Amino acid sequence: MTATLPTPTQETAVTSSDAPLVLPFRDPRCQVVELTGGKGASLATMTAEELPVPPGFVITSAAFAAAVDEEALREAMRRKDVEAARALVAAAQPPRDLIEEAFAELKGLVAVRSSACAEDSEGASYAGQQETFLNTDGLEAVLHNVVECWLSFFTDRAVFYRQEKGSLEDVAMAVVVQQMCDSQKSGVMFTVDPVHGRKDRMVVEAARGLGEAVVSGETTPDNYTLSREGVVKKSKIVDAERVLTDEECVALARMGQKLAQLHGVPQDIEWAFDADGDLYLLQSRPITTI
């Protein structure tokens, strides 16, 4: 997603040694990809657009830089010594007091999600390359999972992808902490057909429960091809009963069109319906396969 262009104040926040370590989604600086990564900036941008995004905050790339010996980490990556890099990251301490303060404003369980600062451009998608921890309960578990997210940036898979698509010296990583919604149905939506390239169609994958199983490929979802108005043109249903109703398909299509118009390019969107039937947005990024 294309974040809001930084103001001079935001640029200072990115480059200054006193850059913010924790930012709520509602803070305009949270839209700066260099600070909050593709996922964090996406959620902050959608929050600023008053779209239905569960509340949360981002532990910024500045917090990661402050917690590790950044130059030693880059040097380890230049040597392709991934084990040394992991050891440096495993010893890092997140900014506990700031996280505790932001976490106190959220209710119930949270998701802790990696947000690499090079991710989700129009030329590359890092979706699935780093860790996500759902249903995280309590401050200690949040702090633990923040470090686990940092470490996931240095798995063999993530390092290989970064070597192919970016730079091994890119060690900027943010982490999103977001309130869980009571997800009854969830999945992904593409605002154009990414396989056939049809701009008059949208494609939705949907399953019951949490959407992470759909994103990660752990479950086989329903698949719906929709018109721009949300009319089901084609479907592949896994169980006896469809996951999505006609009304939910229309709601998704309307939201997809709105996001694509707001951001100027076709979008790959993660979404969820809660127990009350309300639609929530969990991510939106440019589609990279067209």
# chains A, B, ... in the order shown; residues from 1 in each chain; ligands from 1
$ residues_around --residues "stretch 235-252 of chain A" --least-positions-apart "2" --cutoff "12 Å" --atoms "only C-alpha atoms" --output "mmCIF file with C-alpha atoms, in the first residue's frame"
data_model
loop_
_atom_site.group_PDB
_atom_site.id
_atom_site.type_symbol
_atom_site.label_atom_id
_atom_site.label_comp_id
_atom_site.auth_asym_id
_atom_site.auth_seq_id
_atom_site.Cartn_x
_atom_site.Cartn_y
_atom_site.Cartn_z
ATOM 1 C CA GLN A 184 -16.548 -15.996 12.469
ATOM 2 C CA LYS A 185 -15.731 -15.823 8.763
ATOM 3 C CA SER A 186 -12.528 -14.527 7.203
ATOM 4 C CA GLY A 187 -10.245 -14.713 4.234
ATOM 5 C CA VAL A 188 -8.717 -12.719 1.405
ATOM 6 C CA MET A 189 -10.105 -10.679 -1.479
ATOM 7 C CA PHE A 190 -8.470 -9.558 -4.720
ATOM 8 C CA THR A 191 -10.125 -6.529 -6.302
ATOM 9 C CA MET A 202 -13.123 -9.795 -7.967
ATOM 10 C CA VAL A 203 -11.955 -13.029 -6.345
ATOM 11 C CA VAL A 204 -12.714 -13.913 -2.715
ATOM 12 C CA GLU A 205 -11.457 -16.839 -0.648
ATOM 13 C CA ALA A 206 -13.392 -17.465 2.567
ATOM 14 C CA ALA A 207 -13.366 -19.893 5.476
ATOM 15 C CA ARG A 208 -14.967 -20.089 8.893
ATOM 16 C CA GLY A 209 -12.930 -18.882 11.848
ATOM 17 C CA THR A 219 -7.146 -24.826 5.032
ATOM 18 C CA THR A 220 -9.043 -25.089 1.755
ATOM 19 C CA PRO A 221 -11.376 -22.075 1.497
ATOM 20 C CA ASP A 222 -14.473 -21.444 -0.534
ATOM 21 C CA ASN A 223 -13.649 -19.538 -3.709
ATOM 22 C CA TYR A 224 -15.978 -16.934 -5.197
ATOM 23 C CA THR A 225 -15.679 -14.951 -8.414
ATOM 24 C CA LEU A 226 -17.731 -11.764 -8.051
ATOM 25 C CA SER A 227 -18.876 -8.999 -10.353
ATOM 26 C CA ARG A 228 -17.890 -5.454 -9.387
ATOM 27 C CA GLU A 229 -21.284 -5.236 -7.653
ATOM 28 C CA GLY A 230 -20.703 -8.396 -5.628
ATOM 29 C CA VAL A 231 -22.906 -10.786 -7.603
ATOM 30 C CA VAL A 232 -21.518 -14.339 -7.467
ATOM 31 C CA LYS A 233 -20.579 -15.350 -11.019
ATOM 32 C CA ARG A 254 -18.177 -2.555 -2.018
ATOM 33 C CA MET A 255 -15.308 -2.429 0.459
ATOM 34 C CA GLY A 256 -12.872 -3.744 -2.147
ATOM 35 C CA GLN A 257 -13.891 -1.084 -4.660
ATOM 36 C CA LYS A 258 -13.537 1.601 -2.011
ATOM 37 C CA LEU A 259 -10.015 0.492 -1.083
ATOM 38 C CA ILE A 269 -7.174 -7.518 1.195
ATOM 39 C CA GLU A 270 -7.424 -9.593 4.387
ATOM 40 C CA TRP A 271 -10.861 -9.307 5.996
ATOM 41 C CA ALA A 272 -13.093 -10.819 8.700
ATOM 42 C CA PHE A 273 -16.756 -10.816 9.704
ATOM 43 C CA ASP A 274 -17.357 -10.939 13.471
ATOM 44 C CA GLY A 277 -21.848 -9.679 11.059
ATOM 45 C CA ASP A 278 -19.638 -6.572 11.024
ATOM 46 C CA LEU A 279 -16.857 -6.456 8.423
ATOM 47 C CA TYR A 280 -13.293 -5.663 9.569
ATOM 48 C CA LEU A 281 -10.136 -5.034 7.547
#
$ residues_around --residues "A:Pro28" --least-positions-apart "4" --cutoff "8 Å" --atoms "only C-alpha atoms" --output "ChimeraX atom specification"
/A:32,44,48
$ select_by_dssp --residues "stretch 76-287 of chain A" --states "strand (DSSP E or B)" --output "PyMOL selection string"
chain A and resi 110-116+132-136+173-179+183-190+201-208+222-227+232-236+267-274+279-286
$ closest_residue --among "A:Pro24, A:Pro266, A:Pro95, A:Gly108" --to "A:Ala65" --atoms "only C-alpha atoms"
A:Pro95
$ closest_residue --among "A:Arg29, A:Arg86, A:Lys80, A:Lys107" --to "A:Gln179" --atoms "only C-alpha atoms"
A:Lys107
$ select_by_dssp --residues "stretch 8-72 of chain A" --states "helix (DSSP H, G or I)" --output "number ranges by chain"
A: 8-15, 28-31, 33-48, 61-67, 70-72
$ atom_distance --atom1 "atom CA of A:Pro20" --atom2 "atom CA of A:Asp97"
13.2 Å
$ closest_residue --among "A:Phe57, A:Phe64, A:Phe154, A:Phe160" --to "A:Gln178" --atoms "only C-alpha atoms"
A:Phe57
$ closest_residue --among "A:Ala85, A:Ala41, A:Ala174, A:Leu139" --to "A:Ala66" --atoms "only C-alpha atoms"
A:Ala174
$ residues_around --residues "A:Gln31" --least-positions-apart "3" --cutoff "9 Å" --atoms "only C-alpha atoms" --output "compact mmCIF listing (two decimals) with N, CA, C and O atoms, in the first residue's frame"
# COMPACT_ATOMS: atom_id res chain seq x y z
N ALA A 3 1.74 4.61 1.36
CA ALA A 3 1.45 5.37 2.56
C ALA A 3 1.42 6.86 2.25
O ALA A 3 1.93 7.32 1.22
N THR A 4 0.83 7.61 3.16
CA THR A 4 0.81 9.05 3.04
C THR A 4 2.23 9.58 2.99
O THR A 4 3.10 9.13 3.74
N LEU A 5 2.48 10.54 2.13
CA LEU A 5 3.83 11.10 2.04
C LEU A 5 4.20 11.76 3.36
O LEU A 5 3.41 12.49 3.94
N PRO A 6 5.41 11.53 3.85
CA PRO A 6 5.80 12.10 5.13
C PRO A 6 5.84 13.62 5.08
O PRO A 6 6.27 14.22 4.10
N PHE A 25 -2.04 3.21 15.74
CA PHE A 25 -2.47 3.33 14.35
C PHE A 25 -2.95 4.75 14.03
O PHE A 25 -2.78 5.22 12.92
N ARG A 26 -3.56 5.43 15.01
CA ARG A 26 -4.18 6.73 14.74
C ARG A 26 -3.15 7.86 14.64
O ARG A 26 -3.48 8.96 14.20
N ASP A 27 -1.89 7.60 15.00
CA ASP A 27 -0.84 8.62 14.88
C ASP A 27 -0.44 8.74 13.41
O ASP A 27 -0.12 7.73 12.77
N PRO A 28 -0.45 9.96 12.82
CA PRO A 28 -0.09 10.10 11.40
C PRO A 28 1.28 9.52 11.05
O PRO A 28 1.49 9.05 9.93
N GLU A 34 8.82 3.43 6.44
CA GLU A 34 10.17 3.26 7.01
C GLU A 34 10.12 3.01 8.51
O GLU A 34 11.02 2.39 9.08
N LEU A 35 9.08 3.51 9.17
CA LEU A 35 8.94 3.32 10.61
C LEU A 35 8.13 2.08 10.96
O LEU A 35 8.46 1.37 11.91
N THR A 36 7.06 1.83 10.22
CA THR A 36 6.08 0.84 10.66
C THR A 36 5.89 -0.32 9.69
O THR A 36 5.09 -1.21 9.95
N GLY A 37 6.63 -0.33 8.59
CA GLY A 37 6.54 -1.43 7.65
C GLY A 37 5.28 -1.38 6.81
O GLY A 37 4.38 -0.56 7.03
N GLY A 38 5.20 -2.27 5.84
CA GLY A 38 4.06 -2.29 4.94
C GLY A 38 2.76 -2.56 5.65
O GLY A 38 1.74 -1.89 5.41
N GLY A 40 2.03 -2.25 8.98
CA GLY A 40 1.69 -1.19 9.92
C GLY A 40 1.20 0.07 9.24
O GLY A 40 0.20 0.68 9.65
N ALA A 41 1.88 0.46 8.17
CA ALA A 41 1.47 1.67 7.44
C ALA A 41 0.10 1.47 6.79
O ALA A 41 -0.72 2.40 6.74
N SER A 42 -0.15 0.27 6.29
CA SER A 42 -1.45 -0.05 5.69
C SER A 42 -2.57 0.12 6.71
O SER A 42 -3.60 0.76 6.45
N LEU A 43 -2.39 -0.46 7.88
CA LEU A 43 -3.42 -0.38 8.92
C LEU A 43 -3.62 1.05 9.39
O LEU A 43 -4.76 1.49 9.64
N ALA A 44 -2.53 1.81 9.52
CA ALA A 44 -2.64 3.21 9.94
C ALA A 44 -3.34 4.04 8.88
O ALA A 44 -4.17 4.91 9.20
N THR A 45 -3.03 3.79 7.62
CA THR A 45 -3.67 4.52 6.53
C THR A 45 -5.17 4.24 6.50
O THR A 45 -5.99 5.15 6.37
N ALA A 48 -6.85 6.03 9.33
CA ALA A 48 -7.02 7.46 9.02
C ALA A 48 -8.16 7.68 8.04
O ALA A 48 -8.81 8.75 8.07
$ atom_distance --atom1 "atom CA of A:Phe133" --atom2 "atom CA of A:Leu151"
13.0 Å
$ residues_around --residues "A:Ala63" --least-positions-apart "4" --cutoff "9 Å" --atoms "only C-alpha atoms" --output "list in words"
Ala19, Pro20, Leu21, Val22, Ile59, Ala67, Val68, Pro94, Pro95, Met173 and Ala174 of chain A
$ closest_residue --among "A:Val110, A:Cys181, A:Met77, A:Val53" --to "A:Val159" --atoms "only C-alpha atoms"
A:Met77
$ residues_around --residues "stretch 141-150 of chain A" --least-positions-apart "3" --cutoff "6 Å" --atoms "only C-alpha atoms" --output "count of residues only"
4
$ closest_residue --among "A:Thr47, A:Thr155, A:Thr60, A:Gln267" --to "A:Val33" --atoms "only C-alpha atoms"
A:Thr60
$ atom_distance --atom1 "atom CA of A:His263" --atom2 "atom CA of A:Ser284"
9.7 Å
